[in-house]
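Note sheet for the following structure.
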Amino acid sequence: MKDISLIRLLPETTKVPFIEARKIAAVLSVLAMIASVFLFATKGLNYGIDFTGGTVIEIDTGSDPEPDVIRETLTRLGYGGGTVQNIAPPLDSGVDHDYVRVGIPLQEETEEGGAMAQQEALRKVVEGLTESIGEFNIRNQDVVGSKVSGELRQKGIIAVLAALTLVLIYIWFRFEWQFGAGAVAALFHDVLLTIGVFSLTQIEFNLSIIAAILTIVGYSLNDTVIVYDRIRENLRKYKSTLLPDILNLSVNDTLSRTIMTSMTTLLALVALYVLGGDGLRGFSFAMIWGVIVGTYSSIFVASPMLMLLKLKRGGKISGEVSTEVKA
């Protein structure tokens, strides 16, 4: 059938030597993971109020808010760890200007003193903002205590670990244990690098970032399964071909699909990052980073792991039964 594609970014068949570059990629990945652990241990994450506790108020100034003025007011009052986010009004609200969400960090860890200190902090912030930006209406107010924030942080960690465990079980049953271990290694690599880049940039780490990480796990797994499915197919098709050649062939077979999927996803995410406002900026940044490292790991981590784990297969080679594909 004649190819009528208007744009062809890649030739019909590619022969990029990905597997030959596995040692260089392994060194880069290990260094990146070590750097991520070091950054997390030294700088930590810039946890949002979801994980640290505090008070969040949503205010309506009657016009487009001035986030810089609000941030300067919080810093002047001694609440430099506060957060400020613009919020677009609902479509049916009849309002043509943004609201603003202001987060005030938790003041004390003790249950009794913490409630009183938090109310005092809220009073000071309301008075200070009134002096800086004039009168405003408080549309909503939420308080996250230290116990609740601790539970949210714990549940977020459990959610990520549960996702990785279920992925291992799913891939193990669908393929073989080497495929499951390789997929989990790639996902662990993606999650660790995502945490590292958030520690480096100090972008606020909240519940929406946990949602982004779980989405990254799903996206990276989908890309890895596509490559693994082609590897399994080629293992059955080319019984006398060495494993490195099978891996290279399989990655090249799926390369066009991988690049086109990643590019179209990134176009949507970049638009979301630019136009989505402060409330979606952390989530979209995490997703952009996740798509990039997820695409990388499906090629340079998940596939070479099959060689490291000595993937075995059954099949006849020159009249004998082959029990292992030698690298």
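Scheme for the structure tokens: letters A, B, ... for chains in order shown; per-chain residue numbers from 1; ligand numbers from 1 in order shown.
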
Would you mind listing, for every residue of region 196-269 of chain A within 9 Å of region 184-187 of chain A, the two atoms forming the shortest contact and the distance between them in Å to one decimal, using only C-alpha atoms, sorted by chain and ascending residue number, as CSV?
```
residue,atom,partner,partner_atom,distance
A:Ile216,CA,A:Leu187,CA,8.5
A:Val217,CA,A:Leu187,CA,6.1
A:Ser220,CA,A:Leu187,CA,6.9
A:Leu221,CA,A:Leu187,CA,7.2
A:Thr224,CA,A:Ala186,CA,8.4
```

| request: Tell me which protein, DNA and RNA residues are within 10 Å of Ala211 (chain A), counting only C-alpha atoms, leaving out same-chain ones fewer than 3 positions away, and put them as an MDAnalysis selection string. | output: chainID A and resid 156 159:160 206:208 214:217 283 286:287

Residues as selected, C-alpha atoms, written as a tab-separated table (two decimals), in the first residue's frame, can you do that?
```tsv
chain	number	residue	atom	x	y	z
A	156	GLY	CA	0.79	9.17	49.09
A	159	ALA	CA	-0.09	4.71	46.76
A	160	VAL	CA	3.17	4.94	44.79
A	206	ASN	CA	1.44	18.52	47.00
A	207	LEU	CA	-1.29	15.96	46.34
A	208	SER	CA	-1.54	16.94	42.67
A	214	LEU	CA	0.90	7.88	39.47
A	215	THR	CA	0.02	9.08	35.97
A	216	ILE	CA	3.70	8.91	35.03
A	217	VAL	CA	3.79	5.31	36.27
A	283	PHE	CA	1.20	19.05	37.90
A	286	ALA	CA	5.74	16.83	36.65
A	287	MET	CA	3.95	15.30	33.67
```

| task | Please report, as an NGL selection string, each residue of region 40-232 of chain A to which DSSP assigns strand (DSSP E or B) when run on this structure's backbone. | result | :A and (47 or 54-60 or 83-87 or 99-105 or 137-144 or 205)

| request: Using only C-alpha atoms, determine which residues lie at most 12 Å from Trp177 (chain A), disregarding the query and same-chain residues fewer than 3 positions distant; provide the list as a PyMOL selection string. | output: chain A and resi 167-174+180-184+305-306+309-312

Expected file: the selected residues, N, CA and C atoms, as a tab-separated table (two decimals), in the first residue's frame:
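To be explicit, this is the file written out as part-v4.tsv:
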```tsv
chain	number	residue	atom	x	y	z
A	167	VAL	N	2.23	-3.32	39.38
A	167	VAL	CA	2.84	-3.40	38.04
A	167	VAL	C	3.72	-4.64	37.93
A	168	LEU	N	4.52	-4.89	38.97
A	168	LEU	CA	5.38	-6.08	38.97
A	168	LEU	C	4.56	-7.35	38.82
A	169	ILE	N	3.45	-7.46	39.55
A	169	ILE	CA	2.61	-8.65	39.49
A	169	ILE	C	1.97	-8.79	38.11
A	170	TYR	N	1.47	-7.67	37.57
A	170	TYR	CA	0.81	-7.70	36.26
A	170	TYR	C	1.76	-8.14	35.16
A	171	ILE	N	2.94	-7.52	35.11
A	171	ILE	CA	3.91	-7.86	34.06
A	171	ILE	C	4.42	-9.28	34.24
A	172	TRP	N	4.58	-9.71	35.47
A	172	TRP	CA	5.06	-11.07	35.75
A	172	TRP	C	4.08	-12.10	35.17
A	173	PHE	N	2.80	-11.88	35.39
A	173	PHE	CA	1.80	-12.83	34.87
A	173	PHE	C	1.66	-12.73	33.36
A	174	ARG	N	1.79	-11.54	32.80
A	174	ARG	CA	1.60	-11.38	31.36
A	174	ARG	C	2.82	-11.86	30.59
A	180	GLY	N	8.85	-8.34	34.36
A	180	GLY	CA	8.29	-7.61	35.49
A	180	GLY	C	9.34	-6.82	36.26
A	181	ALA	N	10.47	-7.46	36.52
A	181	ALA	CA	11.55	-6.77	37.24
A	181	ALA	C	12.10	-5.61	36.42
A	182	GLY	N	12.22	-5.80	35.11
A	182	GLY	CA	12.70	-4.72	34.25
A	182	GLY	C	11.75	-3.54	34.23
A	183	ALA	N	10.43	-3.82	34.18
A	183	ALA	CA	9.44	-2.74	34.16
A	183	ALA	C	9.46	-1.97	35.47
A	184	VAL	N	9.54	-2.67	36.59
A	184	VAL	CA	9.56	-2.00	37.90
A	184	VAL	C	10.85	-1.18	38.05
A	305	MET	N	17.64	-4.18	30.83
A	305	MET	CA	17.51	-4.98	32.05
A	305	MET	C	17.27	-6.45	31.74
A	306	LEU	N	16.68	-6.76	30.59
A	306	LEU	CA	16.43	-8.15	30.22
A	306	LEU	C	17.75	-8.89	30.00
A	309	LEU	N	19.29	-9.47	33.52
A	309	LEU	CA	18.58	-10.52	34.25
A	309	LEU	C	18.62	-11.87	33.53
A	310	LYS	N	19.38	-11.94	32.42
A	310	LYS	CA	19.59	-13.19	31.68
A	310	LYS	C	18.26	-13.84	31.29
A	311	LEU	N	17.53	-13.13	30.45
A	311	LEU	CA	16.25	-13.63	29.96
A	311	LEU	C	16.44	-14.96	29.23
A	312	LYS	N	15.60	-15.93	29.56
A	312	LYS	CA	15.65	-17.25	28.93
A	312	LYS	C	14.42	-17.46	28.07
```

| field | All residues 8 Å or closer to region 269-277 of chain A, only C-alpha atoms, same chain fewer than 4 positions away omitted, as a ChimeraX atom specification | value | /A:86-87,265,281,284-285,287-288

Can I get the selected residues back with C-alpha atoms, as a short mmCIF file (atom, residue, chain, number, x, y, z; two decimals), in the first residue's frame?
```
data_model
loop_
_atom_site.label_atom_id
_atom_site.label_comp_id
_atom_site.auth_asym_id
_atom_site.auth_seq_id
_atom_site.Cartn_x
_atom_site.Cartn_y
_atom_site.Cartn_z
CA ASN A 86 -4.58 32.29 40.99
CA ILE A 87 -7.86 30.41 40.41
CA THR A 265 1.47 14.26 24.73
CA ARG A 281 1.83 24.42 36.81
CA SER A 284 1.94 19.83 34.24
CA PHE A 285 5.67 20.24 34.95
CA MET A 287 3.95 15.30 33.67
CA ILE A 288 6.31 16.89 31.13
#
```
